[in-house]
Structures are given as structure tokens and as C-alpha cells.
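Have a look at work.csv below; it lists CSV, C-alpha atoms.
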```
chain,number,residue,atom,x,y,z
J,1,MET,CA,24.7,-42.0,-6.3
J,2,ARG,CA,27.6,-44.3,-5.8
J,3,LEU,CA,30.1,-45.6,-8.4
J,4,GLU,CA,30.2,-49.3,-7.8
J,5,LYS,CA,32.6,-51.9,-9.1
J,6,CYS,CA,31.6,-54.7,-11.5
J,7,TRP,CA,31.7,-58.0,-9.7
J,8,PHE,CA,33.2,-59.8,-12.7
J,9,CYS,CA,35.6,-57.4,-14.4
J,10,SER,CA,36.1,-54.8,-11.6
J,11,SER,CA,35.5,-51.8,-13.8
J,12,THR,CA,33.4,-48.9,-12.5
J,13,ILE,CA,29.7,-48.9,-13.1
J,14,TYR,CA,28.4,-45.5,-13.9
J,15,PRO,CA,24.7,-44.5,-13.3
J,16,GLY,CA,22.4,-45.9,-15.9
J,17,HIS,CA,24.6,-48.8,-16.8
J,18,GLY,CA,24.5,-52.5,-16.0
J,19,ILE,CA,22.4,-54.9,-14.0
J,20,GLN,CA,22.3,-55.8,-10.3
J,21,PHE,CA,21.5,-59.4,-9.3
J,22,VAL,CA,20.4,-60.1,-5.7
J,23,ARG,CA,20.8,-63.7,-4.7
J,24,ASN,CA,18.6,-65.4,-2.2
J,25,ASP,CA,21.2,-65.0,0.5
J,26,ALA,CA,20.9,-61.3,0.0
J,27,LYS,CA,24.3,-61.0,-1.6
J,28,ILE,CA,24.3,-58.3,-4.3
J,29,PHE,CA,26.2,-58.8,-7.6
J,30,ARG,CA,26.6,-55.8,-9.8
J,31,PHE,CA,27.7,-56.0,-13.5
J,32,CYS,CA,28.8,-53.3,-15.7
J,33,ARG,CA,27.5,-54.7,-19.0
J,34,SER,CA,25.8,-57.8,-20.4
J,35,LYS,CA,29.1,-59.4,-21.2
J,36,CYS,CA,30.0,-59.7,-17.5
J,37,HIS,CA,26.4,-60.7,-16.6
J,38,LYS,CA,26.4,-63.5,-19.2
J,39,ASN,CA,29.8,-64.7,-18.1
J,40,PHE,CA,28.5,-64.8,-14.5
J,41,LYS,CA,25.4,-66.8,-15.6
J,42,MET,CA,27.7,-69.3,-17.3
J,43,LYS,CA,29.3,-69.7,-13.9
J,44,ARG,CA,32.7,-68.6,-15.1
J,45,ASN,CA,35.3,-67.8,-12.5
J,46,PRO,CA,36.6,-64.3,-13.1
J,47,ARG,CA,40.0,-65.4,-11.8
J,48,LYS,CA,40.3,-67.6,-14.8
J,49,VAL,CA,39.0,-65.2,-17.4
J,50,LYS,CA,42.0,-63.4,-19.0
J,51,TRP,CA,40.6,-59.9,-19.5
J,52,THR,CA,39.3,-59.4,-15.9
J,53,LYS,CA,41.1,-57.4,-13.3
J,54,ALA,CA,40.9,-60.4,-10.9
J,55,TYR,CA,42.9,-62.5,-13.3
J,56,ARG,CA,45.4,-59.8,-13.9
J,57,ARG,CA,46.0,-59.2,-10.3
J,58,LEU,CA,46.2,-62.9,-9.4
J,59,HIS,CA,48.7,-63.6,-12.2
J,60,GLY,CA,50.9,-60.6,-11.4
J,61,LYS,CA,50.1,-58.7,-14.5
J,62,ASP,CA,48.9,-55.7,-12.5
J,63,MET,CA,50.0,-54.1,-9.3
J,64,THR,CA,48.3,-55.8,-6.2
J,65,GLN,CA,49.6,-54.5,-2.9
J,66,ASP,CA,50.1,-50.7,-2.8
J,67,LEU,CA,49.4,-48.0,-0.3
J,68,THR,CA,47.4,-46.1,-2.9
J,69,PHE,CA,44.7,-48.8,-2.8
J,70,GLU,CA,44.2,-48.3,0.9
J,71,PHE,CA,42.7,-44.9,0.4
J,72,GLU,CA,39.8,-46.2,-1.7
J,73,ARG,CA,37.9,-48.1,1.0
J,74,LYS,CA,34.1,-48.1,1.8
J,75,ARG,CA,33.8,-46.2,5.0
J,76,ASN,CA,30.9,-47.1,7.3
J,77,ARG,CA,31.5,-44.6,10.1
J,78,PRO,CA,31.4,-41.1,8.6
J,79,GLU,CA,32.8,-37.9,10.1
J,80,ARG,CA,31.1,-34.6,10.5
J,81,TYR,CA,31.3,-32.5,7.3
J,82,ASP,CA,34.2,-30.0,7.4
J,83,ARG,CA,34.8,-27.9,4.3
J,84,ASN,CA,38.5,-27.7,4.7
J,85,LEU,CA,38.7,-31.5,5.1
J,86,ALA,CA,36.6,-31.9,2.0
J,87,GLU,CA,38.9,-29.5,0.0
J,88,THR,CA,42.1,-31.4,1.1
J,89,THR,CA,40.4,-34.7,0.3
J,90,LEU,CA,39.6,-33.6,-3.2
J,91,LYS,CA,43.2,-32.5,-3.8
J,92,ALA,CA,44.5,-35.7,-2.3
J,93,ILE,CA,42.3,-37.8,-4.6
J,94,LYS,CA,43.9,-36.1,-7.6
J,95,LYS,CA,47.4,-36.7,-6.3
J,96,ILE,CA,46.8,-40.3,-5.3
J,97,THR,CA,45.4,-41.2,-8.7
J,98,LYS,CA,48.5,-39.6,-10.3
J,99,VAL,CA,50.8,-41.6,-8.0
J,100,ARG,CA,48.9,-44.8,-8.6
J,101,VAL,CA,49.2,-44.4,-12.4
J,102,GLU,CA,52.9,-43.7,-12.2
J,103,ARG,CA,53.4,-46.8,-10.0
J,104,GLU,CA,51.4,-49.0,-12.3
J,105,ALA,CA,53.5,-47.7,-15.2
J,106,LYS,CA,56.6,-48.6,-13.3
J,107,HIS,CA,55.3,-52.0,-12.5
J,108,HIS,CA,54.5,-52.6,-16.2
J,109,ALA,CA,58.0,-51.4,-17.2
J,110,LEU,CA,59.6,-53.7,-14.7
J,111,ARG,CA,57.5,-56.6,-16.0
J,112,MET,CA,58.6,-55.8,-19.6
J,113,LYS,CA,62.2,-55.1,-18.7
J,114,GLY,CA,64.1,-57.9,-20.5
J,115,LYS,CA,61.8,-57.9,-23.5
J,116,LYS,CA,63.8,-55.8,-26.0
J,117,ALA,CA,67.1,-57.7,-25.5
J,118,LYS,CA,65.2,-61.0,-25.6
J,119,ASP,CA,63.4,-60.1,-28.8
J,120,HIS,CA,66.6,-59.0,-30.4
J,121,LYS,CA,68.3,-62.3,-29.5
J,122,GLU,CA,65.5,-64.3,-30.8
J,123,ALA,CA,65.5,-62.3,-34.1
J,124,VAL,CA,69.2,-63.0,-34.6
J,125,LYS,CA,68.8,-66.7,-34.0
J,126,GLU,CA,65.8,-66.9,-36.3
J,127,LEU,CA,67.8,-65.1,-39.0
J,128,GLU,CA,70.6,-67.6,-38.6
J,129,GLN,CA,68.5,-70.7,-38.6
J,130,SER,CA,65.5,-70.0,-40.7
J,131,ILE,CA,66.8,-67.8,-43.5
J,132,HIS,CA,66.3,-70.8,-45.9
J,133,LEU,CA,62.6,-70.1,-45.7
J,134,VAL,CA,63.1,-66.7,-47.2
J,135,LYS,CA,66.0,-67.0,-49.7
J,136,ALA,CA,66.8,-69.6,-52.4
J,137,PRO,CA,70.0,-71.7,-51.9
J,138,ALA,CA,71.5,-70.5,-55.1
J,139,VAL,CA,71.8,-67.0,-53.9
J,140,PHE,CA,74.1,-68.0,-51.0
J,141,GLN,CA,76.6,-69.4,-53.4
J,142,GLN,CA,76.7,-66.2,-55.4
J,143,ASP,CA,76.9,-63.7,-52.6
J,144,PRO,CA,77.9,-64.4,-49.0
J,145,THR,CA,76.0,-61.3,-47.7
J,146,LEU,CA,72.3,-61.8,-46.9
J,147,THR,CA,71.1,-58.8,-48.8
J,148,LEU,CA,70.8,-58.6,-52.5
J,149,PRO,CA,73.7,-56.6,-53.9
J,150,LYS,CA,73.1,-53.9,-56.4
J,151,MET,CA,74.1,-55.3,-59.8
J,152,GLN,CA,74.7,-53.2,-62.8
J,153,VAL,CA,72.7,-54.6,-65.7
J,154,LYS,CA,73.9,-53.6,-69.2
J,155,VAL,CA,70.9,-53.1,-71.3
J,156,SER,CA,71.5,-53.0,-75.1
J,157,GLN,CA,69.3,-51.0,-77.4
J,158,LYS,CA,68.0,-54.1,-79.1
J,159,GLN,CA,66.8,-55.6,-75.9
J,160,SER,CA,64.9,-52.5,-74.9
J,161,GLU,CA,63.1,-52.5,-78.3
J,162,GLU,CA,62.2,-56.2,-77.8
J,163,ASN,CA,60.9,-55.4,-74.4
J,164,ASN,CA,58.7,-52.7,-75.7
J,165,ALA,CA,57.2,-55.1,-78.3
J,166,MET,CA,56.5,-57.6,-75.5
J,167,GLU,CA,54.8,-55.0,-73.3
J,168,GLU,CA,52.3,-54.2,-76.0
D,1,MET,CA,2.8,-38.2,28.3
D,2,ALA,CA,1.6,-40.0,25.2
D,3,THR,CA,0.5,-38.2,22.0
D,4,ARG,CA,-1.7,-39.6,19.3
D,5,LEU,CA,-0.8,-38.8,15.7
D,6,GLN,CA,-0.9,-40.1,12.1
D,7,PHE,CA,1.6,-40.2,9.3
D,8,GLU,CA,-0.3,-39.4,6.1
D,9,ASN,CA,-3.4,-41.2,7.3
D,10,SER,CA,-1.4,-44.2,8.6
D,11,CYS,CA,-1.5,-45.0,12.3
D,12,GLU,CA,1.8,-46.9,12.2
D,13,VAL,CA,3.8,-44.2,13.8
D,14,GLY,CA,6.7,-46.5,14.7
D,15,VAL,CA,7.4,-47.3,11.1
D,16,PHE,CA,8.0,-43.7,10.1
D,17,SER,CA,9.9,-42.4,13.1
D,18,LYS,CA,12.6,-43.4,15.6
D,19,LEU,CA,12.6,-41.8,19.0
D,20,THR,CA,15.5,-42.1,21.5
D,21,ASN,CA,16.6,-40.1,24.5
D,22,ALA,CA,19.2,-38.2,22.5
D,23,TYR,CA,17.5,-37.6,19.1
D,24,CYS,CA,14.5,-38.2,17.0
D,25,LEU,CA,14.4,-39.3,13.3
D,26,VAL,CA,11.3,-38.5,11.3
D,27,ALA,CA,10.4,-39.6,7.7
D,28,ILE,CA,9.9,-37.0,5.0
D,29,GLY,CA,6.2,-36.8,4.3
D,30,GLY,CA,4.1,-34.8,1.9
D,31,SER,CA,2.9,-32.4,4.6
D,32,GLU,CA,4.8,-31.1,7.6
D,33,ASN,CA,2.2,-32.2,10.1
D,34,PHE,CA,4.0,-35.3,11.3
D,35,TYR,CA,7.2,-33.5,11.7
D,36,SER,CA,5.6,-30.5,13.5
D,37,ILE,CA,3.9,-32.6,16.1
D,38,PHE,CA,7.3,-34.1,17.0
D,39,GLU,CA,8.8,-30.7,17.0
D,40,ASP,CA,6.1,-29.4,19.4
D,41,GLU,CA,6.9,-32.0,21.9
D,42,LEU,CA,10.7,-32.3,21.6
D,43,ALA,CA,12.1,-29.2,20.0
D,44,GLY,CA,14.0,-27.8,22.9
D,45,ALA,CA,15.2,-31.1,24.4
D,46,ILE,CA,16.5,-33.1,21.5
D,47,PRO,CA,17.2,-32.6,17.7
D,48,VAL,CA,14.4,-33.8,15.4
D,49,VAL,CA,15.9,-34.9,12.1
D,50,LYS,CA,14.1,-35.5,8.8
D,51,THR,CA,15.7,-38.2,6.8
D,52,SER,CA,15.3,-41.1,4.5
D,53,ILE,CA,17.1,-44.5,4.5
D,54,GLY,CA,18.0,-46.0,1.2
D,55,GLY,CA,15.5,-43.6,-0.4
D,56,THR,CA,12.6,-45.0,1.6
D,57,ARG,CA,10.4,-43.5,4.3
D,58,ILE,CA,10.1,-46.6,6.6
D,59,ILE,CA,13.0,-45.4,8.7
D,60,GLY,CA,11.7,-46.6,12.0
D,61,ARG,CA,11.9,-50.3,10.9
D,62,LEU,CA,15.3,-50.0,9.2
D,63,CYS,CA,17.4,-48.5,11.8
D,64,ALA,CA,18.1,-49.2,15.5
D,65,GLY,CA,19.5,-46.8,18.0
D,66,ASN,CA,19.7,-45.4,21.5
D,67,LYS,CA,21.4,-42.4,23.0
D,68,ASN,CA,24.8,-43.8,22.4
D,69,GLY,CA,24.6,-44.7,18.7
D,70,LEU,CA,22.6,-45.4,15.6
D,71,LEU,CA,22.9,-48.4,13.4
D,72,LEU,CA,21.9,-48.3,9.8
D,73,PRO,CA,21.6,-50.9,7.1
D,74,HIS,CA,23.9,-51.3,4.1
D,75,THR,CA,21.2,-49.9,1.9
D,76,THR,CA,21.7,-46.4,3.4
D,77,THR,CA,23.3,-44.1,0.8
D,78,ASP,CA,26.5,-42.2,1.5
D,79,GLN,CA,24.6,-38.9,1.3
D,80,GLU,CA,22.0,-40.0,3.9
D,81,LEU,CA,24.8,-41.3,6.1
D,82,GLN,CA,26.6,-38.0,5.9
D,83,HIS,CA,23.3,-36.1,6.6
D,84,LEU,CA,22.7,-38.1,9.7
D,85,ARG,CA,26.2,-37.6,10.9
D,86,ASN,CA,26.0,-33.9,10.4
D,87,SER,CA,22.6,-33.5,12.1
D,88,LEU,CA,23.0,-35.7,15.2
D,89,PRO,CA,25.1,-34.7,18.2
D,90,ASP,CA,28.7,-35.9,18.3
D,91,GLN,CA,28.2,-38.3,21.2
D,92,VAL,CA,25.9,-40.4,19.0
D,93,VAL,CA,28.0,-42.8,16.9
D,94,VAL,CA,26.5,-43.3,13.4
D,95,GLN,CA,27.4,-46.6,11.9
D,96,ARG,CA,26.4,-48.5,8.8
D,97,ILE,CA,26.6,-52.3,9.0
D,98,ASP,CA,26.7,-55.0,6.4
D,99,GLU,CA,24.1,-57.5,7.5
D,100,ARG,CA,21.9,-59.9,5.6
D,101,LEU,CA,18.9,-58.9,7.8
D,102,SER,CA,18.8,-55.3,6.8
D,103,ALA,CA,15.6,-54.2,8.5
D,104,LEU,CA,17.4,-53.5,11.8
D,105,GLY,CA,14.4,-51.9,13.4
D,106,ASN,CA,12.6,-55.2,13.1
D,107,CYS,CA,15.5,-57.3,14.4
D,108,ILE,CA,16.8,-55.2,17.2
D,109,SER,CA,15.0,-53.7,20.1
D,110,CYS,CA,17.0,-51.7,22.6
D,111,ASN,CA,17.1,-49.1,25.3
D,112,ASP,CA,20.2,-47.5,26.7
D,113,HIS,CA,21.5,-50.6,28.6
D,114,VAL,CA,20.1,-53.7,27.1
D,115,ALA,CA,19.2,-55.0,23.6
D,116,LEU,CA,17.1,-57.9,22.4
D,117,THR,CA,18.1,-59.2,19.0
D,118,HIS,CA,16.8,-61.6,16.3
D,119,PRO,CA,18.3,-65.0,17.0
D,120,ASP,CA,19.8,-65.3,13.4
D,121,LEU,CA,21.8,-62.1,13.6
D,122,ASP,CA,25.6,-62.4,12.6
D,123,LYS,CA,28.2,-62.6,15.2
D,124,GLU,CA,30.0,-59.5,13.9
D,125,THR,CA,26.7,-57.6,13.9
D,126,GLU,CA,26.1,-58.6,17.6
D,127,GLU,CA,29.6,-57.3,18.4
D,128,MET,CA,28.9,-54.1,16.5
D,129,ILE,CA,25.7,-53.6,18.4
D,130,ALA,CA,27.5,-54.0,21.7
D,131,ASP,CA,30.2,-51.7,20.6
D,132,VAL,CA,28.2,-48.9,19.0
D,133,LEU,CA,25.1,-48.9,21.2
D,134,GLY,CA,27.0,-49.7,24.4
D,135,VAL,CA,24.5,-52.4,25.5
D,136,GLU,CA,24.4,-55.9,26.6
D,137,VAL,CA,22.9,-58.1,23.8
D,138,PHE,CA,20.5,-61.0,24.3
D,139,ARG,CA,19.3,-63.2,21.5
D,140,GLN,CA,15.7,-63.9,22.3
D,141,THR,CA,12.2,-64.4,20.9
D,142,VAL,CA,9.1,-62.7,21.9
D,143,ALA,CA,5.9,-64.8,22.0
D,144,GLY,CA,7.6,-67.2,19.6
D,145,ASN,CA,8.3,-64.3,17.1
D,146,ILE,CA,11.9,-63.9,16.0
D,147,LEU,CA,11.3,-60.3,14.9
D,148,VAL,CA,11.8,-58.9,18.4
D,149,GLY,CA,12.2,-55.3,17.1
D,150,SER,CA,8.6,-55.2,15.9
D,151,TYR,CA,6.8,-57.1,18.7
D,152,CYS,CA,8.2,-55.3,21.7
D,153,ALA,CA,9.1,-51.7,22.6
D,154,PHE,CA,10.9,-50.8,25.7
D,155,SER,CA,12.6,-47.7,27.2
D,156,ASN,CA,14.7,-47.4,30.3
D,157,ARG,CA,11.6,-47.3,32.5
D,158,GLY,CA,9.3,-49.9,31.1
D,159,GLY,CA,8.3,-52.1,28.2
D,160,LEU,CA,5.3,-53.3,26.2
D,161,VAL,CA,5.3,-56.6,24.5
D,162,HIS,CA,3.2,-58.7,22.1
D,163,PRO,CA,-0.2,-59.5,23.8
D,164,HIS,CA,0.2,-63.3,23.4
D,165,THR,CA,3.4,-63.4,25.5
D,166,SER,CA,3.0,-66.0,28.2
D,167,ILE,CA,3.6,-65.1,31.8
D,168,GLU,CA,6.8,-67.1,32.1
D,169,ASP,CA,8.2,-65.4,29.0
D,170,LEU,CA,7.2,-62.1,30.4
D,171,ASP,CA,9.0,-62.8,33.7
D,172,GLU,CA,12.1,-64.1,31.9
D,173,LEU,CA,12.3,-61.0,29.7
D,174,SER,CA,11.6,-58.7,32.6
D,175,THR,CA,14.6,-60.2,34.5
D,176,LEU,CA,16.8,-60.0,31.4
D,177,LEU,CA,15.9,-56.4,30.6
D,178,GLN,CA,15.6,-55.2,34.3
D,179,VAL,CA,12.5,-53.2,33.4
D,180,PRO,CA,8.8,-53.9,34.2
D,181,LEU,CA,7.0,-55.4,31.2
D,182,VAL,CA,3.4,-55.6,30.2
D,183,ALA,CA,1.7,-57.5,27.4
D,184,GLY,CA,-0.6,-55.2,25.6
D,185,THR,CA,-1.7,-53.9,22.2
D,186,VAL,CA,-1.6,-50.6,20.4
D,187,ASN,CA,-3.7,-49.0,17.6
D,188,ARG,CA,-6.9,-50.7,18.5
D,189,GLY,CA,-5.6,-54.2,19.0
D,190,SER,CA,-2.6,-54.3,16.7
D,191,GLU,CA,0.0,-56.8,18.0
D,192,VAL,CA,2.9,-55.1,16.2
D,193,ILE,CA,3.8,-52.9,19.1
D,194,SER,CA,6.9,-51.2,17.9
D,195,ALA,CA,5.4,-50.4,14.5
D,196,GLY,CA,2.4,-48.7,16.1
D,197,MET,CA,4.2,-46.5,18.6
D,198,THR,CA,7.5,-45.0,19.5
D,199,VAL,CA,8.7,-44.2,23.0
D,200,ASN,CA,11.6,-42.7,25.0
D,201,ASP,CA,12.0,-42.0,28.7
D,202,TRP,CA,9.6,-39.1,28.9
D,203,THR,CA,7.3,-39.2,25.9
D,204,ALA,CA,5.5,-41.6,23.7
D,205,PHE,CA,3.8,-41.3,20.3
D,206,CYS,CA,1.1,-43.6,19.3
D,207,GLY,CA,-1.2,-44.0,16.2
D,208,SER,CA,-4.5,-42.2,16.4
D,209,ASP,CA,-6.4,-45.5,16.5
D,210,THR,CA,-5.0,-46.2,19.9
D,211,THR,CA,-7.9,-46.5,22.4
D,212,ALA,CA,-8.0,-44.8,25.7
D,213,THR,CA,-7.4,-48.0,27.6
D,214,GLU,CA,-4.3,-48.8,25.5
D,215,LEU,CA,-3.1,-45.3,26.1
D,216,SER,CA,-3.5,-45.5,29.8
D,217,VAL,CA,-1.7,-48.8,29.9
D,218,ILE,CA,1.2,-47.3,27.9
D,219,GLU,CA,1.4,-44.3,30.1
D,220,SER,CA,1.4,-46.4,33.3
D,221,VAL,CA,4.0,-49.0,32.1
D,222,PHE,CA,6.4,-46.4,30.7
D,223,LYS,CA,5.8,-44.2,33.7
D,224,LEU,CA,5.0,-41.2,31.5
D,225,ARG,CA,2.5,-39.6,33.9
D,226,GLU,CA,5.1,-39.0,36.5
D,227,ALA,CA,7.0,-36.7,34.1
D,228,GLN,CA,4.6,-33.8,34.6
D,229,PRO,CA,2.8,-34.1,37.9
D,230,THR,CA,1.1,-30.7,37.6
D,231,ASP,CA,-0.6,-31.6,34.3
D,232,ILE,CA,-1.8,-35.0,35.6
D,233,VAL,CA,-5.4,-34.1,35.8
D,234,GLN,CA,-5.6,-32.7,32.2
D,235,ASP,CA,-3.5,-35.6,30.7
D,236,MET,CA,-5.6,-38.3,32.4
D,237,ARG,CA,-8.7,-36.6,31.1
D,238,LYS,CA,-7.3,-36.6,27.5
D,239,SER,CA,-6.4,-40.3,27.7
D,240,LEU,CA,-9.5,-41.4,29.4
D,241,ILE,CA,-12.0,-39.5,27.3
D,242,ASP,CA,-11.8,-40.0,23.6
D,243,SER,CA,-14.3,-37.4,22.6
D,244,TYR,CA,-17.1,-35.5,24.2
D,245,LEU,CA,-19.8,-36.8,21.9
```

Translate this structure into C-alpha cells?
Amino acid sequence: MRLEKCWFCSSTIYPGHGIQFVRNDAKIFRFCRSKCHKNFKMKRNPRKVKWTKAYRRLHGKDMTQDLTFEFERKRNRPERYDRNLAETTLKAIKKITKVRVEREAKHHALRMKGKKAKDHKEAVKELEQSIHLVKAPAVFQQDPTLTLPKMQVKVSQKQSEENNAMEE
Amino acid sequence: MATRLQFENSCEVGVFSKLTNAYCLVAIGGSENFYSIFEDELAGAIPVVKTSIGGTRIIGRLCAGNKNGLLLPHTTTDQELQHLRNSLPDQVVVQRIDERLSALGNCISCNDHVALTHPDLDKETEEMIADVLGVEVFRQTVAGNILVGSYCAFSNRGGLVHPHTSIEDLDELSTLLQVPLVAGTVNRGSEVISAGMTVNDWTAFCGSDTTATELSVIESVFKLREAQPTDIVQDMRKSLIDSYL
């Protein structure tokens, strides 16, 4: 049993899932689900389809070159089984995935770095320029602040009775 | 010293086994008869390993090897690869190659010094063969057939090729491979030599349909009789006389 990668979206294909297509030149295409398979049949290029890993890597959304990726290669010349080596390999796998996740988080943080400041600046500008979409012009003449001030309304008894009648 | 046997009633012994000077691979059959005959002959000298390749039993046609290495197709699973690596001696390099023509046993025929390959094999595969098996590689056809691995079988001491090979071809191949070659058949006239028999420097295994004449030809071209000069009388009797009735 081997966990393969989907040709289209690069996600792992677990046993019992997906379809394998073997072309006449003996190249094997594995797909994780019918979504990827149908996209392939439509001859879509995964590098142009936004939600695939290929697109994300190509457009710098995800980490591309990192040492942690070097560990996950297909090896064609095996070594004799050694229990100690197997044990250390299992421990290493855990550590490597942890490191990779941390690095990807860092990459994401770096990519999103100026976002908060930028968002704030844009919000302020929008408030200055487009507030007329939200408030009526009359309000600006009454009160220079942008928030509605708390006004004390003097309610007389007569008015309240009238209001009650209207409510009914 | 050639032995006649069957794999589950099939005489195509070369399909279900791979014999070299350093190891022997055998397919997993329903009964242990096939395996035990190999064990009888070879147990002390070389390891006899039961295996499958890509979940199939046709291992002789899928892999190619000699005493230096073993080449496996890309269909070999990781578990099979690991099993072979654990079972074979360390001098044998076990390598899986990515090649469009995945039936390596049909495309590559080799001994410990020279290999004949399918003319359409990739350049990288050819380099891999030269590197892993430690041989000189020649792209050739045998009697007009591109599947050289099936239509000829040779060891370090001799070789048997497709019966329709012309004499010029035979001479040319003989000079390339530096071994004496003979055009003959196996398994009562079957032209697919390598599928019907498997051979190394001191033994050969043929299908039980092989006639006495074919067997004597095999024993003479591969020089198997010289291995045990004391048993020569008994062996020749066995190969010359099919049955006493």
C-alpha cells in the first residue's frame, strides 16, 4: 500500500479512493476524487486552477523550496531493514512534519505581514470619503462628530397617552 | 545438469523463476513443489527467495539480473522491494527503475559481463543497466524479434537463441557476447527460450515438456555436463531416456 499524490490537486490519495488513468504512453495519472478527474478530462492545466497546490506553489502562496521537502522522496534503492534505523526514521518523520508546519505558518505570516496596517488605512480613508453613503447631510450640520449624540428627549404626559392610543 | 519441472502444471519455468549465479527468485505458488525442487538443487550454494513483483507471479519476465544486481520495474511495491533487499546478499544491488517497458525480463537478457537489450529502451535505463548490473550493453534484435529477453537465454558459458536465427546473426551475436551460441528450442519446440527455461553457470531448469534431444543440446551448449564428471553416466542416461516404457 502506498499513499500517492493526486496529479491534479496534489493531495494524498488514501486506499479505496480515486481513479487511476493509464495513458497509452504508459504514464499513470492518479486522481483523488472525481472533481480532479473531471478537471483533467476537460484538459485544464492545474497550474491555472486556483485551488490546486500547483497553482499555490507557482504563485508564491505556499512554500516551495525547503529542506523539509527533500526528505519525502521516492527511493528506488532500498537499504537492508534495521530496526534502530526504522525507529529513528519514525521519530524523524514526526519532527519533520512539525518543522514543516511551523515553517509554512511563518511563510503565511510573512505573506500577510502588512495586511493589518493596510486594512486600517483603507478603513480610515473610506470613512473620510464615503461616509455620505451612510449618513444624511443634515446630520453633519447639527453635530460635527460622526456618531449620533445621546439627546435627552423631554416626554410630556400627554404625548405618552397619545402614543398609547396610536399603538392600539 | 538440467532439471525438468513444472509450475502448477505449466512448463514455462522461466516465467515463474529467475536464476543467477548469486541468487534465485521463485514465484509463490499454491504448493511448495516448485520451490522445493529449486531448494534441492541450490540450497547450499545460493539463497532461493520466494517473492512476487507488483502482486504478480510472473517474476521471471518482469525482472532482470545477474550476480551484481537486480533490476525491478516501477510496478514493484515498496514492501516487495524491501523484502528482496533483505533476502538477497549485500553485494547484489536491488534497484527499481522507471521505464515505460516494464517487463524487464522480456527486454533485457544478460549474464555477468554482457547484456542484450530491447532497441527501444530509454537512455537512462541503459545507463542504469550498465551501472547496476556492471555489464556492457548492446541494443540488438534476435531473429528479428525486439524482445531479446524472451527469445534468447545465455549464461557466462553458453547461450541458446530463437530457432529461426540466421547463421550470420548467430555469428554476430556470438562475437558480441563472447560465448558460444546455438539456435534451438525448449519445451517441445517452443521458440520462447527464456520463458521455457532458466539457467546459470552450473544448473538449468526446463519445463517438463522438454524432449531429451533439447535437453542434451542445452546441457552441451551451457556446458552443464562438465560440472559433475562423476555423475556423467547417470545424467546422460536421464536426459537421453525419457521413460522406460

Can you tell me, as a ChimeraX atom specification, what residues are no more than 8 Å from Lys53 (chain J) when counting only C-alpha atoms, ignoring any on the same chain fewer than 4 positions away? /J:9-11,57

When the cut-off is 12 Å and we count only C-alpha atoms, which residues of chain D are near chain J, given as a PDB file with C-alpha atoms, in the coordinates of the input?
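Contents of the output file iface_36.pdb:
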```
ATOM      1  CA  GLY D  54      18.000 -46.000   1.200  1.00  0.00           C
ATOM      2  CA  GLY D  55      15.500 -43.600  -0.400  1.00  0.00           C
ATOM      3  CA  GLY D  69      24.600 -44.700  18.700  1.00  0.00           C
ATOM      4  CA  LEU D  70      22.600 -45.400  15.600  1.00  0.00           C
ATOM      5  CA  LEU D  71      22.900 -48.400  13.400  1.00  0.00           C
ATOM      6  CA  LEU D  72      21.900 -48.300   9.800  1.00  0.00           C
ATOM      7  CA  PRO D  73      21.600 -50.900   7.100  1.00  0.00           C
ATOM      8  CA  HIS D  74      23.900 -51.300   4.100  1.00  0.00           C
ATOM      9  CA  THR D  75      21.200 -49.900   1.900  1.00  0.00           C
ATOM     10  CA  THR D  76      21.700 -46.400   3.400  1.00  0.00           C
ATOM     11  CA  THR D  77      23.300 -44.100   0.800  1.00  0.00           C
ATOM     12  CA  ASP D  78      26.500 -42.200   1.500  1.00  0.00           C
ATOM     13  CA  GLN D  79      24.600 -38.900   1.300  1.00  0.00           C
ATOM     14  CA  GLU D  80      22.000 -40.000   3.900  1.00  0.00           C
ATOM     15  CA  LEU D  81      24.800 -41.300   6.100  1.00  0.00           C
ATOM     16  CA  GLN D  82      26.600 -38.000   5.900  1.00  0.00           C
ATOM     17  CA  HIS D  83      23.300 -36.100   6.600  1.00  0.00           C
ATOM     18  CA  LEU D  84      22.700 -38.100   9.700  1.00  0.00           C
ATOM     19  CA  ARG D  85      26.200 -37.600  10.900  1.00  0.00           C
ATOM     20  CA  ASN D  86      26.000 -33.900  10.400  1.00  0.00           C
ATOM     21  CA  SER D  87      22.600 -33.500  12.100  1.00  0.00           C
ATOM     22  CA  LEU D  88      23.000 -35.700  15.200  1.00  0.00           C
ATOM     23  CA  PRO D  89      25.100 -34.700  18.200  1.00  0.00           C
ATOM     24  CA  ASP D  90      28.700 -35.900  18.300  1.00  0.00           C
ATOM     25  CA  GLN D  91      28.200 -38.300  21.200  1.00  0.00           C
ATOM     26  CA  VAL D  92      25.900 -40.400  19.000  1.00  0.00           C
ATOM     27  CA  VAL D  93      28.000 -42.800  16.900  1.00  0.00           C
ATOM     28  CA  VAL D  94      26.500 -43.300  13.400  1.00  0.00           C
ATOM     29  CA  GLN D  95      27.400 -46.600  11.900  1.00  0.00           C
ATOM     30  CA  ARG D  96      26.400 -48.500   8.800  1.00  0.00           C
ATOM     31  CA  ILE D  97      26.600 -52.300   9.000  1.00  0.00           C
ATOM     32  CA  ASP D  98      26.700 -55.000   6.400  1.00  0.00           C
ATOM     33  CA  GLU D  99      24.100 -57.500   7.500  1.00  0.00           C
ATOM     34  CA  ARG D 100      21.900 -59.900   5.600  1.00  0.00           C
ATOM     35  CA  LEU D 101      18.900 -58.900   7.800  1.00  0.00           C
ATOM     36  CA  SER D 102      18.800 -55.300   6.800  1.00  0.00           C
ATOM     37  CA  MET D 128      28.900 -54.100  16.500  1.00  0.00           C
ATOM     38  CA  VAL D 132      28.200 -48.900  19.000  1.00  0.00           C
TER      39      VAL D 132
END
```

Around (4.5, -50.6, 32.0), as given in the file, which residues come within 12 Å? Count all atoms listed in the file and list them as a ChimeraX atom specification. /D:152-161,170,174,179-184,199,201,214-225

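The space between CA of Leu104 (chain D) and CA of Arg61 (chain D) spans 6.4 Å.
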
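CA of Ile19 (chain J) lies 13.3 Å from CA of Leu3 (chain J).
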